file data-v9.cif (mmCIF, C-alpha atoms and all ligand atoms)
data_my_file
loop_
_atom_site.label_atom_id
_atom_site.label_comp_id
_atom_site.auth_asym_id
_atom_site.auth_seq_id
_atom_site.Cartn_x
_atom_site.Cartn_y
_atom_site.Cartn_z
CA MET A 5 5.38 -2.35 12.91
CA LEU A 6 7.19 0.56 14.55
CA HIS A 7 7.24 0.89 18.31
CA THR A 8 7.44 4.01 20.40
CA PRO A 9 9.58 6.03 20.65
CA GLU A 10 11.11 4.98 17.28
CA VAL A 11 7.87 6.04 15.62
CA ASN A 12 8.58 9.59 16.83
CA LEU A 13 12.04 9.52 15.24
CA VAL A 14 10.73 8.39 11.85
CA PHE A 15 7.87 10.88 12.09
CA ALA A 16 10.32 13.69 12.93
CA TRP A 17 12.38 13.12 9.78
CA ALA A 18 9.28 12.61 7.62
CA TRP A 19 7.99 15.99 8.84
CA VAL A 20 11.31 17.75 8.19
CA LEU A 21 11.08 16.41 4.63
CA ALA A 22 7.42 17.52 4.40
CA GLY A 23 8.56 20.98 5.57
CA PHE A 24 11.16 21.14 2.78
CA LEU A 25 8.63 19.98 0.18
CA SER A 26 5.92 22.41 1.33
CA GLY A 27 8.57 25.17 1.17
CA LEU A 28 9.42 24.08 -2.36
CA VAL A 29 5.76 24.35 -3.42
CA MET A 30 5.38 27.80 -1.79
CA GLY A 31 8.68 28.82 -3.37
CA LEU A 32 7.13 28.41 -6.82
CA PHE A 33 4.57 31.16 -6.11
CA PHE A 34 5.75 33.31 -3.18
CA ASN A 35 7.25 36.04 -5.40
CA ARG A 36 3.74 36.86 -6.71
CA GLU A 37 2.54 39.81 -4.63
CA ASP A 38 -1.11 38.76 -4.81
CA TRP A 39 -0.59 35.02 -4.31
CA LEU A 40 -3.52 33.69 -2.22
CA GLY A 41 -4.64 37.26 -1.57
CA GLY A 42 -1.24 38.72 -0.61
CA TYR A 43 1.36 38.07 2.09
CA THR A 44 -0.90 39.02 5.02
CA SER A 45 -4.07 37.22 3.87
CA LEU A 46 -5.44 34.60 6.26
CA LYS A 47 -5.13 31.91 3.62
CA ARG A 48 -1.46 32.67 2.95
CA ARG A 49 -0.70 32.88 6.70
CA LEU A 50 -2.30 29.46 7.25
CA TYR A 51 -0.23 27.95 4.45
CA ARG A 52 2.90 29.41 6.06
CA LEU A 53 1.81 28.10 9.45
CA ALA A 54 1.41 24.60 7.96
CA HIS A 55 4.93 24.88 6.47
CA ILE A 56 6.47 25.99 9.77
CA SER A 57 4.48 23.47 11.82
CA PHE A 58 6.10 20.61 9.89
CA PHE A 59 9.50 21.74 11.20
CA GLY A 60 8.32 22.66 14.70
CA LEU A 61 6.43 19.45 15.34
CA GLY A 62 9.11 17.38 13.62
CA ALA A 63 11.60 18.89 16.10
CA ILE A 64 9.29 18.19 19.05
CA ASN A 65 8.96 14.55 18.02
CA LEU A 66 12.76 14.37 17.76
CA MET A 67 13.07 15.87 21.25
CA TYR A 68 10.57 13.36 22.57
CA TYR A 69 12.47 10.46 20.99
CA PHE A 70 15.69 11.38 22.83
CA THR A 71 13.88 12.11 26.08
CA ALA A 72 12.04 8.78 26.00
CA ARG A 73 15.09 6.82 24.87
CA HIS A 74 17.69 8.26 27.21
CA VAL A 75 15.93 9.79 30.18
CA LEU A 76 12.51 8.24 30.81
CA GLY A 77 12.07 4.72 32.11
CA HIS A 78 9.41 2.33 30.88
CA SER A 79 5.93 3.39 31.86
CA PRO A 80 2.43 2.45 30.69
CA LEU A 81 1.75 6.15 30.05
CA GLN A 82 4.63 6.61 27.63
CA PRO A 83 2.89 5.34 24.45
CA PHE A 84 0.07 7.85 25.04
CA ALA A 85 2.53 10.75 25.04
CA ALA A 86 4.42 9.30 22.05
CA TRP A 87 1.30 8.84 19.90
CA GLY A 88 -0.12 12.16 21.11
CA PHE A 89 2.92 13.96 19.66
CA VAL A 90 2.41 12.10 16.37
CA LEU A 91 -1.32 12.92 16.33
CA GLY A 92 -0.57 16.57 17.10
CA GLY A 93 2.03 16.66 14.34
CA LEU A 94 -0.33 15.11 11.81
CA THR A 95 -3.36 17.22 12.60
CA MET A 96 -1.74 20.67 13.02
CA PRO A 97 -0.78 21.18 9.34
CA LEU A 98 -4.03 19.44 8.35
CA ALA A 99 -6.07 21.90 10.43
CA CYS A 100 -4.12 24.79 8.80
CA LEU A 101 -4.89 23.53 5.31
CA ILE A 102 -8.56 22.83 6.03
CA MET A 103 -9.04 26.23 7.69
CA ALA A 104 -7.31 27.93 4.77
CA ARG A 105 -10.23 26.58 2.67
CA TRP A 106 -13.05 26.80 5.25
CA THR A 107 -12.50 29.61 7.75
CA ARG A 108 -15.27 28.26 9.97
CA ALA A 109 -13.26 25.09 10.65
CA LYS A 110 -11.22 26.93 13.30
CA MET A 111 -12.32 24.52 16.05
CA LEU A 112 -10.38 21.76 14.28
CA PHE A 113 -7.28 23.21 15.93
CA ALA A 114 -8.62 21.74 19.18
CA VAL A 115 -7.38 18.30 18.05
CA PRO A 116 -3.67 19.15 17.67
CA VAL A 117 -3.71 21.61 20.56
CA LEU A 118 -5.28 19.16 23.02
CA SER A 119 -3.12 16.21 22.00
CA LEU A 120 0.06 18.31 22.19
CA VAL A 121 -0.86 19.86 25.55
CA LEU A 122 -1.69 16.43 27.01
CA SER A 123 1.46 14.82 25.62
CA GLY A 124 3.62 17.68 26.89
CA ALA A 125 2.03 17.46 30.35
CA LEU A 126 2.41 13.65 30.41
CA THR A 127 6.09 13.94 29.49
CA ILE A 128 6.71 16.45 32.28
CA TRP A 129 4.82 14.20 34.69
CA GLU A 130 6.99 11.23 33.70
CA LEU A 131 10.14 13.34 34.11
CA ILE A 132 9.36 14.62 37.59
CA LYS A 133 8.54 11.09 38.74
CA ILE A 134 12.13 9.98 38.04
C1 LIG A 201 13.79 23.41 1.42
C2 LIG A 201 13.76 24.31 2.40
C3 LIG A 201 12.78 25.45 2.51
C4 LIG A 201 12.09 26.12 1.51
C5 LIG A 201 12.12 25.87 -0.01
C6 LIG A 201 11.28 27.15 2.16
C7 LIG A 201 10.45 28.05 1.52
C8 LIG A 201 9.74 29.07 2.12
C9 LIG A 201 8.96 30.09 1.44
C10 LIG A 201 8.80 30.19 -0.08
C11 LIG A 201 8.42 30.91 2.37
C12 LIG A 201 7.58 32.16 2.10
C13 LIG A 201 6.10 31.84 2.09
C14 LIG A 201 5.27 33.06 1.73
O1 LIG A 201 5.76 33.96 1.03
O2 LIG A 201 4.09 33.13 2.15
C15 LIG A 201 8.85 30.43 3.66
C16 LIG A 201 8.51 30.99 4.86
C17 LIG A 201 8.95 30.55 6.08
N1 LIG A 201 9.75 29.45 6.33
FE1 LIG A 201 10.52 28.22 4.95
N2 LIG A 201 11.50 27.08 3.51
C18 LIG A 201 12.39 26.06 3.77
C19 LIG A 201 12.89 25.68 4.99
C20 LIG A 201 12.56 26.26 6.19
C21 LIG A 201 13.11 25.89 7.48
C22 LIG A 201 14.21 24.83 7.70
C23 LIG A 201 12.50 26.67 8.42
C24 LIG A 201 12.68 26.73 9.91
C25 LIG A 201 13.02 25.69 10.66
C26 LIG A 201 11.57 27.54 7.72
C27 LIG A 201 10.77 28.48 8.33
C28 LIG A 201 10.01 29.41 7.67
C29 LIG A 201 9.32 30.51 8.34
C30 LIG A 201 9.35 30.84 9.84
C31 LIG A 201 8.65 31.23 7.35
C32 LIG A 201 7.77 32.46 7.52
C33 LIG A 201 8.66 33.68 7.38
C34 LIG A 201 7.86 34.96 7.47
O3 LIG A 201 6.68 34.95 7.81
O4 LIG A 201 8.44 36.01 7.16
N3 LIG A 201 11.61 27.26 6.38
N4 LIG A 201 9.64 29.31 3.48
#

call {"tool": "encode", "arguments": {"input": "data-v9.cif", "output": "structure tokens", "more": "lines below"}}
Ligand code: HEM
result
Amino acid sequence: MLHTPEVNLVFAWAWVLAGFLSGLVMGLFFNREDWLGGYTSLKRRLYRLAHISFFGLGAINLMYYFTARHVLGHSPLQPFAAWGFVLGGLTMPLACLIMARWTRAKMLFAVPVLSLVLSGALTIWELIKI
């Protein structure tokens, strides 16, 4: 069983790989002008957002790993921030894909947004306590 913050490091690299693979899939179709309704269609934008969010949230988990490992001390709050970054990373591309299918599912973005905002705030709180 992985512990924090190592879980963030593994997650970060898994999400970089997921970003490459999602890019590969999009690369098979992106030259078609009308793919998913065209470049500016909501569906296509949400697919792109999912692709980019793999890299962005992978990078944030990597940043958190180094911050937790080398800067922060042990604290009972730390696992909440660590798992919150993982939850945000998991649910952001998921929300993109679900909303690409069901436009009305927009409120699903509340899950990644809230967990990322809380984890970011917790990390800052832990840093200024040092
Ligand atoms: C194996 C590596 C990658 C592949 C095969 C790939 C593939 C693609 C494809 C096909 C698109 C166009 C999607 C469309 O037409 O709707 C795209 C868009 C994009 N990719 Fe990737 N990508 C890769 C890596 C990356 C990396 C490393 C980043 C950044 C860290 C990145 C960021 C973006 C961004 C920001 C867009 C949107 C560009 C725009 O809206 O003009 N991609 N990618």

call {"tool": "closest_atom_pairs", "arguments": {"input": "data-v9.cif", "of": "chain A", "to": "ligand LIG 201 (chain A)", "cutoff": "10 Å", "atoms": "only C-alpha atoms and all ligand atoms", "output": "CSV"}}
result
residue,atom,partner,partner_atom,distance
A:Val20,CA,A:LIG201,C22,7.7
A:Leu21,CA,A:LIG201,C1,8.2
A:Ala22,CA,A:LIG201,C1,9.2
A:Gly23,CA,A:LIG201,C19,6.4
A:Phe24,CA,A:LIG201,C1,3.7
A:Leu25,CA,A:LIG201,C1,6.3
A:Ser26,CA,A:LIG201,C4,7.2
A:Gly27,CA,A:LIG201,C7,3.5
A:Leu28,CA,A:LIG201,C5,4.0
A:Val29,CA,A:LIG201,C5,7.4
A:Met30,CA,A:LIG201,C10,4.5
A:Gly31,CA,A:LIG201,C10,3.6
A:Leu32,CA,A:LIG201,C10,7.2
A:Phe33,CA,A:LIG201,C10,7.4
A:Phe34,CA,A:LIG201,O1,4.3
A:Asn35,CA,A:LIG201,O1,6.9
A:Arg36,CA,A:LIG201,O1,8.5
A:Glu37,CA,A:LIG201,O1,8.8
A:Trp39,CA,A:LIG201,O2,8.2
A:Leu40,CA,A:LIG201,O2,8.8
A:Gly42,CA,A:LIG201,O2,8.2
A:Tyr43,CA,A:LIG201,O2,5.6
A:Thr44,CA,A:LIG201,O2,8.2
A:Ser45,CA,A:LIG201,O2,9.3
A:Lys47,CA,A:LIG201,O2,9.4
A:Arg48,CA,A:LIG201,O2,5.6
A:Arg49,CA,A:LIG201,O2,6.6
A:Leu50,CA,A:LIG201,O2,9.0
A:Tyr51,CA,A:LIG201,O2,7.1
A:Arg52,CA,A:LIG201,O2,5.5
A:Leu53,CA,A:LIG201,C32,7.6
A:Ala54,CA,A:LIG201,N1,9.8
A:His55,CA,A:LIG201,N1,6.6
A:Ile56,CA,A:LIG201,C27,5.2
A:Ser57,CA,A:LIG201,C27,8.8
A:Phe58,CA,A:LIG201,C25,8.6
A:Phe59,CA,A:LIG201,C25,5.3
A:Gly60,CA,A:LIG201,C25,6.9
A:Gly62,CA,A:LIG201,C25,9.6
A:Ala63,CA,A:LIG201,C25,8.8

call {"tool": "residues_around", "arguments": {"input": "data-v9.cif", "residues": "Ala125 (chain A)", "least_positions_apart": "3", "cutoff": "12 Å", "atoms": "all atoms listed in the file", "output": "mmCIF file with C-alpha atoms, in the coordinates of the input"}}
result
data_model
loop_
_atom_site.group_PDB
_atom_site.id
_atom_site.type_symbol
_atom_site.label_atom_id
_atom_site.label_comp_id
_atom_site.auth_asym_id
_atom_site.auth_seq_id
_atom_site.Cartn_x
_atom_site.Cartn_y
_atom_site.Cartn_z
ATOM 1 C CA LEU A 81 1.750 6.150 30.050
ATOM 2 C CA GLN A 82 4.630 6.610 27.630
ATOM 3 C CA PHE A 84 0.070 7.850 25.040
ATOM 4 C CA ALA A 85 2.530 10.750 25.040
ATOM 5 C CA ALA A 86 4.420 9.300 22.050
ATOM 6 C CA GLY A 88 -0.120 12.160 21.110
ATOM 7 C CA PHE A 89 2.920 13.960 19.660
ATOM 8 C CA LEU A 118 -5.280 19.160 23.020
ATOM 9 C CA SER A 119 -3.120 16.210 22.000
ATOM 10 C CA LEU A 120 0.060 18.310 22.190
ATOM 11 C CA VAL A 121 -0.860 19.860 25.550
ATOM 12 C CA LEU A 122 -1.690 16.430 27.010
ATOM 13 C CA ILE A 128 6.710 16.450 32.280
ATOM 14 C CA TRP A 129 4.820 14.200 34.690
ATOM 15 C CA GLU A 130 6.990 11.230 33.700
ATOM 16 C CA LEU A 131 10.140 13.340 34.110
ATOM 17 C CA ILE A 132 9.360 14.620 37.590
#

call {"tool": "residues_around", "arguments": {"input": "data-v9.cif", "residues": "region 96-99 of chain A", "least_positions_apart": "2", "cutoff": "6 Å", "atoms": "only C-alpha atoms", "output": "ChimeraX atom specification"}}
result
/A:54,92-94,101-103,112-113,116

call {"tool": "closest_residue", "arguments": {"input": "data-v9.cif", "among": "A:Val115, A:Val11, A:Ala18, A:Ala109", "to": "Tyr68 (chain A)", "atoms": "all atoms listed in the file"}}
result
A:Val11

call {"tool": "closest_residue", "arguments": {"input": "data-v9.cif", "among": "A:Lys133, A:Leu61, A:Arg108, A:Thr127", "to": "Phe15 (chain A)", "atoms": "all atoms listed in the file"}}
result
A:Leu61

call {"tool": "atom_distance", "arguments": {"input": "data-v9.cif", "atom1": "CA of Pro80 (chain A)", "atom2": "CA of Leu66 (chain A)"}}
result
20.4 Å

call {"tool": "closest_residue", "arguments": {"input": "data-v9.cif", "among": "A:Thr8, A:Thr95, A:Thr107, A:Thr71", "to": "Gly124 (chain A)", "atoms": "all atoms listed in the file"}}
result
A:Thr71

call {"tool": "atom_distance", "arguments": {"input": "data-v9.cif", "atom1": "CA of Val75 (chain A)", "atom2": "CA of Ser123 (chain A)"}}
result
16.0 Å

call {"tool": "atom_distance", "arguments": {"input": "data-v9.cif", "atom1": "CA of Trp17 (chain A)", "atom2": "CA of Trp106 (chain A)"}}
result
29.2 Å

call {"tool": "axis_aligned_box", "arguments": {"input": "data-v9.cif", "around": "region 15-23 of chain A", "padding_each_side": "3 Å", "output": "AutoDock Vina command-line options"}}
result
--center_x 9.9 --center_y 15.9 --center_z 8.7 --size_x 11.0 --size_y 16.1 --size_z 14.5

call {"tool": "build_atoms", "arguments": {"input": "data-v9.cif", "residues": "region 47-78 of chain A", "atoms": "N, CA and C atoms", "output": "compact mmCIF listing (two decimals), in the coordinates of the input"}}
result
# COMPACT_ATOMS: atom_id res chain seq x y z
N LYS A 47 -5.44 33.14 4.34
CA LYS A 47 -5.13 31.91 3.62
C LYS A 47 -3.61 31.70 3.51
N ARG A 48 -2.91 32.79 3.12
CA ARG A 48 -1.46 32.67 2.95
C ARG A 48 -0.78 32.43 4.30
N ARG A 49 -1.27 33.08 5.37
CA ARG A 49 -0.70 32.88 6.70
C ARG A 49 -0.88 31.44 7.16
N LEU A 50 -2.06 30.85 6.83
CA LEU A 50 -2.30 29.46 7.25
C LEU A 50 -1.41 28.49 6.48
N TYR A 51 -1.16 28.79 5.22
CA TYR A 51 -0.23 27.95 4.45
C TYR A 51 1.17 28.02 5.06
N ARG A 52 1.57 29.25 5.43
CA ARG A 52 2.90 29.41 6.06
C ARG A 52 2.96 28.68 7.39
N LEU A 53 1.84 28.77 8.15
CA LEU A 53 1.81 28.10 9.45
C LEU A 53 1.95 26.58 9.27
N ALA A 54 1.28 26.04 8.23
CA ALA A 54 1.41 24.60 7.96
C ALA A 54 2.88 24.27 7.68
N HIS A 55 3.52 25.09 6.84
CA HIS A 55 4.93 24.88 6.47
C HIS A 55 5.83 24.89 7.73
N ILE A 56 5.63 25.87 8.58
CA ILE A 56 6.47 25.99 9.77
C ILE A 56 6.15 24.88 10.78
N SER A 57 4.85 24.49 10.83
CA SER A 57 4.48 23.47 11.82
C SER A 57 5.11 22.12 11.50
N PHE A 58 5.39 21.85 10.21
CA PHE A 58 6.10 20.61 9.89
C PHE A 58 7.44 20.58 10.61
N PHE A 59 8.18 21.71 10.57
CA PHE A 59 9.50 21.74 11.20
C PHE A 59 9.38 21.71 12.73
N GLY A 60 8.45 22.55 13.23
CA GLY A 60 8.32 22.66 14.70
C GLY A 60 7.92 21.33 15.32
N LEU A 61 6.91 20.69 14.73
CA LEU A 61 6.43 19.45 15.34
C LEU A 61 7.33 18.26 15.00
N GLY A 62 8.06 18.37 13.89
CA GLY A 62 9.11 17.38 13.62
C GLY A 62 10.17 17.47 14.72
N ALA A 63 10.57 18.69 15.07
CA ALA A 63 11.60 18.89 16.10
C ALA A 63 11.10 18.40 17.46
N ILE A 64 9.83 18.64 17.75
CA ILE A 64 9.29 18.19 19.05
C ILE A 64 9.27 16.67 19.13
N ASN A 65 8.92 16.02 18.02
CA ASN A 65 8.96 14.55 18.02
C ASN A 65 10.39 14.04 18.18
N LEU A 66 11.35 14.76 17.60
CA LEU A 66 12.76 14.37 17.76
C LEU A 66 13.17 14.53 19.23
N MET A 67 12.77 15.64 19.84
CA MET A 67 13.07 15.87 21.25
C MET A 67 12.45 14.77 22.11
N TYR A 68 11.22 14.40 21.78
CA TYR A 68 10.57 13.36 22.57
C TYR A 68 11.30 12.02 22.42
N TYR A 69 11.75 11.72 21.20
CA TYR A 69 12.47 10.46 20.99
C TYR A 69 13.68 10.36 21.93
N PHE A 70 14.48 11.43 21.98
CA PHE A 70 15.69 11.38 22.83
C PHE A 70 15.34 11.36 24.31
N THR A 71 14.30 12.10 24.68
CA THR A 71 13.88 12.11 26.08
C THR A 71 13.43 10.71 26.50
N ALA A 72 12.58 10.10 25.66
CA ALA A 72 12.04 8.78 26.00
C ALA A 72 13.14 7.72 26.00
N ARG A 73 14.05 7.84 25.04
CA ARG A 73 15.09 6.82 24.87
C ARG A 73 16.15 6.89 25.97
N HIS A 74 16.53 8.12 26.33
CA HIS A 74 17.69 8.26 27.21
C HIS A 74 17.39 8.75 28.62
N VAL A 75 16.20 9.25 28.85
CA VAL A 75 15.93 9.79 30.18
C VAL A 75 14.79 9.05 30.87
N LEU A 76 13.68 8.86 30.17
CA LEU A 76 12.51 8.24 30.81
C LEU A 76 12.69 6.73 30.93
N GLY A 77 12.11 6.18 31.99
CA GLY A 77 12.07 4.72 32.11
C GLY A 77 10.81 4.21 31.43
N HIS A 78 10.63 2.89 31.47
CA HIS A 78 9.41 2.33 30.88
C HIS A 78 8.21 2.69 31.74
